[in-house]
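A.B. asks: Data: query-v7.cif, mmCIF, C-alpha atoms.
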```cif
data_upload
#
loop_
_atom_site.label_atom_id
_atom_site.label_comp_id
_atom_site.auth_asym_id
_atom_site.auth_seq_id
_atom_site.Cartn_x
_atom_site.Cartn_y
_atom_site.Cartn_z
CA MET C 743 41.42 216.70 152.14
CA ALA C 744 40.41 218.78 155.15
CA PHE C 745 38.34 215.92 156.54
CA ALA C 746 41.18 213.44 156.06
CA SER C 747 43.80 215.71 157.58
CA ILE C 748 41.86 216.50 160.75
CA VAL C 749 39.66 213.52 161.53
CA LEU C 750 41.45 210.40 160.30
CA PRO C 751 44.88 211.11 161.85
CA ALA C 752 43.23 211.37 165.27
CA GLY C 753 42.44 207.69 165.10
CA LEU C 754 38.69 208.09 165.22
CA VAL C 755 38.32 205.38 162.59
CA ASP C 756 39.30 202.34 164.63
CA GLY C 757 39.46 200.23 161.50
CA LEU C 758 42.78 201.82 160.55
CA GLY C 759 44.38 199.74 163.27
CA SER C 760 47.91 199.55 161.89
CA ARG C 761 50.22 202.54 162.27
CA VAL C 762 51.27 202.26 158.61
CA PRO C 763 47.96 203.35 157.02
CA TRP C 764 47.62 205.94 159.78
CA ILE C 765 50.93 207.47 158.73
CA VAL C 766 49.87 207.35 155.09
CA VAL C 767 46.74 209.32 155.96
CA MET C 768 48.81 211.88 157.88
CA SER C 769 50.98 212.38 154.80
CA LEU C 770 48.06 213.11 152.45
CA PRO C 771 47.79 216.87 153.10
CA VAL C 772 51.57 217.24 152.88
CA LEU C 773 51.75 215.47 149.52
CA PHE C 774 48.66 217.28 148.27
CA ASP C 775 50.12 220.65 149.16
CA ALA C 776 53.46 219.79 147.57
CA ALA C 777 51.68 218.82 144.35
CA LEU C 778 49.85 222.13 144.30
CA GLY C 779 53.13 223.91 144.85
CA PHE C 780 54.59 222.32 141.71
CA LEU C 781 51.45 222.58 139.59
CA GLY C 782 49.96 225.88 140.75
CA ALA C 783 51.39 229.15 139.58
CA SER C 784 49.01 231.57 141.26
CA ARG C 785 50.16 233.91 144.00
CA GLN C 786 47.51 232.50 146.35
CA LEU C 787 48.97 228.99 146.10
CA ARG C 788 52.53 230.21 146.46
CA SER C 789 51.59 232.21 149.55
CA LEU C 790 50.73 228.97 151.32
CA PHE C 791 54.43 228.17 151.47
CA SER C 792 55.28 231.29 153.47
CA GLY C 793 57.25 229.98 156.43
CA THR C 794 57.04 226.38 155.25
CA LEU C 795 60.76 226.13 154.51
CA VAL C 796 61.57 227.23 158.05
CA VAL C 797 59.22 224.62 159.50
CA PHE C 798 60.63 221.99 157.15
CA ALA C 799 64.17 222.86 158.25
CA ALA C 800 63.19 222.54 161.92
CA VAL C 801 61.63 219.13 161.26
CA ALA C 802 64.69 218.08 159.25
CA ALA C 803 66.89 218.95 162.23
CA MET C 804 64.90 216.53 164.38
CA ILE C 805 65.26 213.83 161.70
CA VAL C 806 69.02 214.40 161.76
CA ALA C 807 68.86 213.86 165.52
CA LEU C 808 67.25 210.52 164.77
CA LEU C 809 69.85 209.45 162.22
CA VAL C 810 72.96 210.33 164.23
CA ASN C 811 71.83 208.49 167.35
CA ALA C 812 71.63 204.86 166.16
CA PRO C 813 67.87 204.85 165.58
CA THR C 814 65.71 201.96 166.70
CA PRO C 815 62.55 200.96 164.77
CA PRO C 816 60.23 202.43 167.47
CA GLY C 817 62.32 205.60 167.55
CA ALA C 818 62.23 205.92 163.77
CA LEU C 819 58.45 205.45 163.76
CA ALA C 820 58.06 208.13 166.46
CA ALA C 821 60.24 210.55 164.50
CA VAL C 822 58.42 209.96 161.20
CA SER C 823 55.03 210.33 162.90
CA PHE C 824 56.21 213.59 164.48
CA ALA C 825 57.54 214.91 161.16
CA LEU C 826 54.41 214.09 159.18
CA ALA C 827 52.15 215.46 161.92
CA THR C 828 54.09 218.73 162.06
CA LEU C 829 54.07 219.27 158.30
CA ALA C 830 50.45 218.13 157.92
CA GLY C 831 49.38 220.46 160.71
CA TRP C 832 51.19 223.38 159.11
CA VAL C 833 49.66 222.76 155.69
CA THR C 834 46.18 222.28 157.18
CA GLY C 835 46.41 225.50 159.19
CA ARG C 836 47.52 227.56 156.20
CA ARG C 837 44.74 226.22 154.00
CA TRP C 838 42.18 226.71 156.74
CA ARG C 839 43.28 230.33 157.10
CA ASN C 840 42.51 230.97 153.43
CA VAL C 841 38.86 230.00 153.93
CA ALA C 842 38.52 231.29 157.50
CA ALA C 843 35.79 233.78 156.63
CA THR C 844 33.27 231.03 155.90
CA LEU C 845 32.17 227.67 157.26
CA SER C 846 34.43 225.00 155.74
CA TRP C 847 35.22 221.32 155.93
CA PHE C 848 37.99 222.18 158.38
CA ASP C 849 35.33 223.39 160.82
CA VAL C 850 33.31 220.25 160.21
CA GLY C 851 36.39 218.15 160.91
CA VAL C 852 37.01 219.82 164.28
CA LEU C 853 33.34 219.58 165.23
CA PHE C 854 33.22 215.90 164.27
CA PHE C 855 36.51 215.17 166.07
CA LEU C 856 35.32 216.67 169.36
CA GLY C 857 31.79 215.33 169.08
CA ILE C 858 32.88 211.72 168.54
CA SER C 859 35.54 211.99 171.26
CA VAL C 860 33.02 213.34 173.78
CA LEU C 861 30.52 210.59 172.98
CA HIS C 862 33.21 207.94 173.27
CA LEU C 863 34.31 209.23 176.68
CA VAL C 864 30.73 209.51 177.92
CA VAL C 865 30.15 205.86 177.07
CA LEU C 866 33.32 204.89 178.94
CA GLY C 867 32.35 207.08 181.88
CA LEU C 868 28.89 205.57 182.26
CA GLY C 869 30.47 202.20 182.97
CA ALA C 870 33.28 203.47 185.19
CA GLY C 871 31.47 203.71 188.51
CA SER C 872 33.76 206.44 189.90
CA LEU C 873 35.81 209.36 188.63
CA SER C 874 39.09 207.74 189.65
CA ARG C 875 38.12 204.65 187.67
CA PHE C 876 37.08 206.84 184.73
CA HIS C 877 40.59 208.32 184.69
CA VAL C 878 41.94 204.82 184.10
CA LEU C 879 39.34 203.89 181.49
CA ALA C 880 39.36 207.19 179.53
CA VAL C 881 41.57 205.78 176.78
CA LEU C 882 40.75 206.38 173.10
CA PRO C 883 42.41 204.78 170.06
CA TRP C 884 44.77 207.73 169.77
CA GLY C 885 45.89 208.21 173.38
CA GLY C 886 45.55 207.75 177.14
CA SER C 887 43.42 209.82 179.50
CA ASN C 888 45.85 212.68 180.20
CA TYR C 889 46.78 213.04 176.55
CA VAL C 890 43.19 212.77 175.31
CA ALA C 891 41.96 215.34 177.82
CA GLY C 892 44.72 217.78 176.89
CA VAL C 893 44.06 217.53 173.15
CA MET C 894 40.32 217.93 173.72
CA VAL C 895 40.82 221.07 175.83
CA VAL C 896 42.97 222.70 173.15
CA MET C 897 40.58 221.68 170.36
CA ALA C 898 37.63 222.96 172.41
CA PHE C 899 39.21 226.43 172.43
CA VAL C 900 39.86 226.17 168.69
CA LEU C 901 36.21 225.32 168.09
CA TRP C 902 35.10 228.11 170.45
CA SER C 903 37.03 230.60 168.32
CA ARG C 904 34.87 229.53 165.36
CA ARG C 905 31.53 229.59 167.25
CA SER C 906 30.04 232.41 165.16
CA LEU C 907 30.32 230.29 162.02
CA VAL C 908 29.96 226.69 163.18
CA PRO C 909 26.51 225.47 164.30
CA GLY C 910 26.71 223.66 167.63
CA ALA C 911 30.25 224.85 168.29
CA ARG C 912 29.47 226.37 171.69
CA TRP C 913 27.80 223.28 173.15
CA THR C 914 30.36 220.89 171.70
CA ALA C 915 33.26 222.94 173.06
CA LEU C 916 31.63 223.19 176.51
CA ALA C 917 30.94 219.45 176.55
CA ALA C 918 34.55 218.71 175.58
CA GLY C 919 35.86 220.93 178.36
CA ALA C 920 33.55 219.37 180.95
CA VAL C 921 34.41 215.79 179.99
CA SER C 922 38.12 216.65 180.02
CA VAL C 923 37.84 217.84 183.61
CA LEU C 924 36.01 214.65 184.59
CA THR C 925 38.96 212.58 183.39
CA LEU C 926 40.84 214.02 186.41
CA SER C 927 43.79 214.94 184.26
CA ARG C 928 45.58 217.66 186.20
CA GLY C 929 47.53 218.77 183.14
CA ALA C 930 44.32 219.23 181.19
CA PHE C 931 42.76 221.05 184.16
CA ILE C 932 45.65 223.52 184.23
CA ALA C 933 45.43 223.93 180.45
CA LEU C 934 41.70 224.62 180.68
CA GLY C 935 42.23 227.18 183.44
CA ALA C 936 45.02 228.93 181.53
CA GLY C 937 42.90 229.08 178.38
CA LEU C 938 39.87 230.41 180.25
CA LEU C 939 42.01 233.05 181.94
CA VAL C 940 43.25 234.32 178.57
CA LEU C 941 39.74 234.10 177.07
CA LEU C 942 38.25 236.24 179.83
CA TRP C 943 41.17 238.65 179.89
CA ASP C 944 40.66 239.48 176.21
CA ALA C 945 36.84 239.68 176.44
CA GLY C 946 34.66 242.78 176.74
CA ARG C 947 33.74 245.55 174.32
CA THR C 948 33.79 248.56 176.67
CA MET C 949 36.24 249.65 179.32
CA LEU C 950 33.78 248.83 182.13
CA THR C 951 32.91 245.35 180.87
CA ARG C 952 36.58 244.63 180.24
CA PHE C 953 37.39 245.66 183.82
CA LEU C 954 34.62 243.49 185.28
CA VAL C 955 35.56 240.50 183.16
CA ARG C 956 39.22 240.80 184.13
CA VAL C 957 38.30 240.94 187.82
CA SER C 958 36.28 237.76 187.33
CA ALA C 959 39.30 236.22 185.61
CA LEU C 960 41.36 236.85 188.73
CA VAL C 961 38.63 235.22 190.82
CA LEU C 962 38.88 232.27 188.44
CA VAL C 963 42.45 231.73 189.58
CA GLY C 964 41.27 231.13 193.16
CA VAL C 965 38.51 228.84 191.97
CA GLY C 966 41.03 226.99 189.88
CA VAL C 967 43.27 226.34 192.88
CA LEU C 968 40.34 224.86 194.80
CA GLY C 969 39.32 222.82 191.76
CA PHE C 970 42.84 221.50 191.32
CA SER C 971 42.86 220.35 194.95
CA GLU C 972 39.56 218.56 194.41
CA VAL C 973 40.87 216.84 191.28
CA THR C 974 43.94 215.70 193.21
CA GLN C 975 41.77 214.40 196.03
CA GLN C 976 39.58 212.46 193.61
CA ARG C 977 42.67 210.95 192.02
CA SER C 978 43.75 209.62 195.44
CA VAL C 979 40.56 207.55 195.81
CA GLY C 980 41.45 203.86 195.85
CA GLY C 981 44.88 204.29 197.38
CA TYR C 982 46.63 206.05 194.49
CA ASP C 983 49.23 208.60 195.58
CA PRO C 984 49.08 211.63 193.23
CA GLY C 985 52.39 212.81 194.63
CA SER C 986 54.15 209.85 193.04
CA ASN C 987 53.13 211.22 189.65
CA VAL C 988 54.87 214.53 190.41
CA ASP C 989 57.98 212.72 191.67
CA ALA C 990 58.11 210.67 188.47
CA ARG C 991 57.96 213.81 186.34
CA LEU C 992 60.77 215.42 188.31
CA SER C 993 62.85 212.30 187.77
CA LEU C 994 62.13 212.49 184.04
CA PHE C 995 63.17 216.15 184.01
CA ARG C 996 66.52 215.21 185.60
CA MET C 997 67.04 212.30 183.19
CA ALA C 998 66.30 214.51 180.20
CA TRP C 999 68.68 217.22 181.38
CA ASP C 1000 71.44 214.67 182.09
CA ALA C 1001 70.94 213.25 178.58
CA PHE C 1002 71.27 216.73 177.08
CA VAL C 1003 74.42 217.45 179.08
CA SER C 1004 75.92 214.13 177.99
CA SER C 1005 75.31 214.94 174.30
CA PRO C 1006 74.61 218.67 173.91
CA PHE C 1007 75.02 218.90 170.13
CA THR C 1008 72.80 216.09 168.85
CA GLY C 1009 70.98 214.87 171.97
CA THR C 1010 70.42 211.18 172.63
CA GLY C 1011 67.69 210.52 170.05
CA TRP C 1012 64.03 209.60 169.85
CA LEU C 1013 62.65 207.36 172.62
CA SER C 1014 66.09 207.03 174.23
CA LEU C 1015 64.54 207.84 177.63
CA ARG C 1016 62.82 204.46 177.69
CA GLU C 1017 65.79 202.53 179.03
CA PRO C 1018 66.82 204.87 181.90
CA SER C 1019 63.17 205.47 182.87
CA LYS C 1020 62.58 201.72 183.02
CA VAL C 1021 65.52 201.37 185.40
CA SER C 1022 64.60 204.33 187.61
CA LEU C 1023 60.82 204.31 187.47
CA GLY C 1024 59.96 200.75 186.49
CA ALA C 1025 58.25 201.87 183.28
CA ASP C 1026 59.60 202.68 179.82
CA ILE C 1027 58.51 206.29 179.35
CA SER C 1028 59.13 207.80 175.94
CA TYR C 1029 59.37 211.54 176.59
CA ALA C 1030 60.45 213.96 179.30
CA HIS C 1031 56.94 215.37 179.88
CA ASN C 1032 58.26 218.88 179.28
CA PHE C 1033 58.38 220.53 175.87
CA ILE C 1034 61.76 222.24 176.31
CA LEU C 1035 63.59 219.44 178.12
CA SER C 1036 62.15 216.85 175.77
CA PHE C 1037 63.48 218.43 172.59
CA LEU C 1038 66.82 219.23 174.23
CA GLN C 1039 67.11 215.56 175.22
CA ILE C 1040 66.06 214.28 171.78
CA GLY C 1041 68.14 216.62 169.63
CA GLY C 1042 70.47 218.76 171.75
CA LEU C 1043 71.21 221.96 169.87
CA LEU C 1044 69.19 220.58 166.95
CA GLY C 1045 66.25 220.38 169.34
CA LEU C 1046 66.98 223.92 170.49
CA ALA C 1047 66.63 225.06 166.87
CA PHE C 1048 63.21 223.39 166.70
CA ILE C 1049 62.20 225.07 169.98
CA ALA C 1050 63.26 228.43 168.55
CA VAL C 1051 61.18 227.96 165.39
CA PHE C 1052 58.14 226.81 167.37
CA SER C 1053 58.48 229.75 169.77
CA HIS C 1054 58.84 232.20 166.88
CA PHE C 1055 55.57 231.13 165.30
CA ALA C 1056 53.86 230.89 168.69
CA LEU C 1057 54.75 234.52 169.46
CA ARG C 1058 53.55 235.62 166.03
CA CYS C 1059 50.31 233.70 166.54
CA TRP C 1060 49.82 235.35 169.94
CA ARG C 1061 50.30 238.83 168.49
CA THR C 1062 48.24 238.44 165.33
CA CYS C 1063 45.36 236.08 166.17
CA VAL C 1064 43.49 237.06 169.31
CA THR C 1065 40.80 234.40 168.89
CA LEU C 1066 43.32 231.55 169.07
CA ARG C 1067 45.20 232.81 172.12
CA PRO C 1068 43.27 230.59 174.56
CA ALA C 1069 44.00 227.47 172.49
CA LEU C 1070 47.65 228.46 172.13
CA ILE C 1071 48.22 229.08 175.83
CA ALA C 1072 46.30 225.91 176.77
CA GLY C 1073 48.54 223.85 174.50
CA PHE C 1074 51.66 225.48 175.87
CA ALA C 1075 50.51 224.92 179.47
CA ILE C 1076 49.96 221.19 179.09
CA SER C 1077 53.15 220.74 177.06
CA MET C 1078 55.10 221.77 180.16
CA SER C 1079 53.97 218.66 182.05
CA ASP C 1080 52.95 216.13 179.38
CA PRO C 1081 54.20 214.93 175.98
CA PHE C 1082 52.37 217.08 173.48
CA VAL C 1083 54.24 218.71 170.62
CA GLU C 1084 56.46 215.59 170.34
CA SER C 1085 53.46 213.39 169.61
CA ALA C 1086 51.45 213.01 166.42
CA VAL C 1087 47.86 214.09 167.15
CA ALA C 1088 48.68 216.92 169.58
CA GLY C 1089 51.60 218.05 167.42
CA PHE C 1090 49.27 218.15 164.43
CA VAL C 1091 46.81 220.27 166.41
CA MET C 1092 49.44 222.71 167.67
CA TRP C 1093 51.00 223.28 164.26
CA THR C 1094 47.56 223.75 162.74
CA ILE C 1095 46.99 226.51 165.31
CA LEU C 1096 50.36 228.13 164.60
CA ALA C 1097 49.89 228.03 160.83
CA TYR C 1098 46.34 229.36 161.03
CA GLY C 1099 47.24 232.08 163.52
CA THR C 1100 50.36 233.48 161.87
CA GLY C 1101 49.61 236.19 159.40
CA THR C 1102 45.90 236.62 160.23
CA MET C 1103 46.40 240.31 160.93
CA THR C 1104 42.75 241.23 160.44
CA GLU C 1105 41.68 239.20 163.48
CA ALA C 1106 43.99 241.14 165.79
CA ARG C 1107 42.40 244.43 164.68
CA ARG C 1108 38.81 243.22 164.78
CA PRO C 1109 36.66 244.85 167.53
CA ARG C 1110 35.77 242.39 170.29
#
```
Would you kindly transcribe this structure into structure tokens?

C.D. replies:
Amino acid sequence: MAFASIVLPAGLVDGLGSRVPWIVVMSLPVLFDAALGFLGASRQLRSLFSGTLVVFAAVAAMIVALLVNAPTPPGALAAVSFALATLAGWVTGRRWRNVAATLSWFDVGVLFFLGISVLHLVVLGLGAGSLSRFHVLAVLPWGGSNYVAGVMVVMAFVLWSRRSLVPGARWTALAAGAVSVLTLSRGAFIALGAGLLVLLWDAGRTMLTRFLVRVSALVLVGVGVLGFSEVTQQRSVGGYDPGSNVDARLSLFRMAWDAFVSSPFTGTGWLSLREPSKVSLGADISYAHNFILSFLQIGGLLGLAFIAVFSHFALRCWRTCVTLRPALIAGFAISMSDPFVESAVAGFVMWTILAYGTGTMTEARRPR
């Protein structure tokens, strides 16, 4: 079940092809967990459902936003994928937490996911000829270059948090981070920098080492600014204007806000940005490229309820699970400029992190 819930939904098995079997696979851990809830009477099994009703209610609110806004088939598919990914991620994270003290199939799934993704991108990169061309070609079965790079950065930090138990975790996580930077995704670069900043800030066993590491973290900010400029310059090779990408995002922000204002209670529904974005930008873009504005546009106050639930568990995860803070902040950083939590694979990853991180009080007290 762990292998199916982590690896197969990511689209690593190209033979799935159709979205229908992909959705079926995403639903497996949800159905499995529900069956255990009905059949199991032990306290351990019942404890897995702690917080599940709240998450289910938040997902249900977003399904209501779908139903009240004249859903289209693509919009319905996006909403169902989002719902299954959210619930599957939550169930996976809670089950992973119960076996966190030992190496498990969940760890193997993350290691396999990142390893295959890195190899796939390396093969694409070898035939690209330039970094700017690699950015165009870095497309995997489950997403485009920016999205793939962002997911890989977040998963790299997840794997790094398990490095003491998972053989090869360090090298795989480092390789995933390096390849993500080479895709020239600026959102992933910012996510990587934010995660590294948090990782260094929390490192160090003594007061002196903690001070030195935190000074180096501040230096990292300056290095990151220079690196971001270099990434932007590399993206401009071949005549591409990186500034147009920023302008497009600002336009999407305005469109999302206008949609929310026009329908503040229930939003304008899933994928409703496609039509106005096609008129304004010449491309049908599905989401607002900003976590908050996106859910406000999709569901209005219903979306605000989902944001509140997500933020609640994110804050709990931050307080109680130090080892996952870099992954959490990296995911939050990229979700401010790219579709992330709205989508299936990244949403699955983020809710796995939140479910794993909430309630793991022993990690917060563990000496570092």

A.B. asks: Could you list, as a ChimeraX atom specification, every residue within 12 Å of C:Ala1056, counting only C-alpha atoms and ignoring same-chain residues fewer than 2 positions away?

C.D. replies: /C:1049-1054,1058-1063,1066-1067,1069-1071,1073-1074,1092-1101

A.B. asks: Rounded to one decimal in Å, what is the spacing between atom CA of C:Ala933 and atom CA of C:Trp832?

C.D. replies: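 Interatomic distance, atom CA of C:Ala933 to atom CA of C:Trp832: 22.1 Å.
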
A.B. asks: Of the residues C:Leu1038, C:Leu853, C:Val822, C:Leu882, which is the one nearest to C:Leu808, using only C-alpha atoms?

C.D. replies: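 Closest candidate: C:Val822.
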
A.B. asks: Quick one: of C:Thr1008, C:Gly835, C:Leu1013, C:Ile932, who's nearest to C:Ser1077, counting all atoms listed in the file?

C.D. replies: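 Of all the options, C:Ile932 lies closest to C:Ser1077.
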
A.B. asks: For a cutoff of 10 Å around the file-coordinate point (54.4, 225.2, 157.2), which residues qualify once you count all atoms listed in the file? I'd like the result as a PyMOL selection string.

C.D. replies: chain C and resi 772+790-798+828-836+1093-1094+1096-1098

A.B. asks: Between atom CA of C:Ser823 and atom CA of C:Phe1002, what is the distance in Å, rounded to a tenth?

C.D. replies: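 Answer for the atom CA of C:Ser823 to atom CA of C:Phe1002 separation: 22.5 Å.
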
A.B. asks: I'd like the neighbourhood of stretch 985-996 of chain C as a ChimeraX atom specification, where a residue qualifies if any of its atoms comes within 9 Å (using only C-alpha atoms), though same-chain residues fewer than 5 positions away should be ignored.

C.D. replies: /C:1001,1015,1019,1022-1023,1027,1029-1032,1035-1036,1079-1080

A.B. asks: Selection from above, C-alpha atoms, as a PDB file, in the frame of the given file, can you write it?

C.D. replies:
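Now in again-v2.pdb:
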```pdb
ATOM      1  CA  ALA C1001      70.940 213.250 178.580  1.00  0.00           C
ATOM      2  CA  LEU C1015      64.540 207.840 177.630  1.00  0.00           C
ATOM      3  CA  SER C1019      63.170 205.470 182.870  1.00  0.00           C
ATOM      4  CA  SER C1022      64.600 204.330 187.610  1.00  0.00           C
ATOM      5  CA  LEU C1023      60.820 204.310 187.470  1.00  0.00           C
ATOM      6  CA  ILE C1027      58.510 206.290 179.350  1.00  0.00           C
ATOM      7  CA  TYR C1029      59.370 211.540 176.590  1.00  0.00           C
ATOM      8  CA  ALA C1030      60.450 213.960 179.300  1.00  0.00           C
ATOM      9  CA  HIS C1031      56.940 215.370 179.880  1.00  0.00           C
ATOM     10  CA  ASN C1032      58.260 218.880 179.280  1.00  0.00           C
ATOM     11  CA  LEU C1035      63.590 219.440 178.120  1.00  0.00           C
ATOM     12  CA  SER C1036      62.150 216.850 175.770  1.00  0.00           C
ATOM     13  CA  SER C1079      53.970 218.660 182.050  1.00  0.00           C
ATOM     14  CA  ASP C1080      52.950 216.130 179.380  1.00  0.00           C
TER      15      ASP C1080
END
```

A.B. asks: May I ask for the distance between atom CA of C:Gly969 and atom CA of C:Thr914, given in Å to one decimal place?

C.D. replies: 22.1 Å

A.B. asks: With all atoms listed in the file as the atoms that count, which of C:Leu1046, C:Gly935, C:Arg904, C:Val841 lies nearest to C:Leu962?

C.D. replies: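 Using all atoms listed in the file, C:Leu962 sits closest to C:Gly935.
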
A.B. asks: C:Ala945, C:Ala800, C:Val923, C:Val1087: which is nearest C:Gly966, counting all atoms listed in the file?

C.D. replies: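 That would be C:Val923, the residue with the smallest distance to C:Gly966.
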
A.B. asks: Pick from C:Arg905, C:Arg956, C:Arg1016, C:His862: nearest to C:Val850, with all atoms listed in the file counted?

C.D. replies: C:Arg905

A.B. asks: Measuring atom to atom with all atoms listed in the file, identify which of C:Glu972, C:Leu861, C:Ala820, C:Ser1014 is nearest to C:Ser874.

C.D. replies: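 Among the listed residues, the smallest separation from C:Ser874 belongs to C:Glu972.
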
A.B. asks: Give me the box for stretch 1070-1076 of chain C as JSON, namely the centre and edge lengths in Å to one decimal of a box along x, y and z that holds every listed atom plus 5 Å on each side.

C.D. replies:
```
{"center_x": 49.0, "center_y": 225.1, "center_z": 175.8, "size_x": 15.4, "size_y": 17.9, "size_z": 17.3}
```

A.B. asks: Running the PyMOL selection byres ((chain C and resi 906) around 12) on this model by hand, what would come out? Give it as number ranges by chain.

C.D. replies: C: 842-845, 849, 901-905, 907-912, 1065
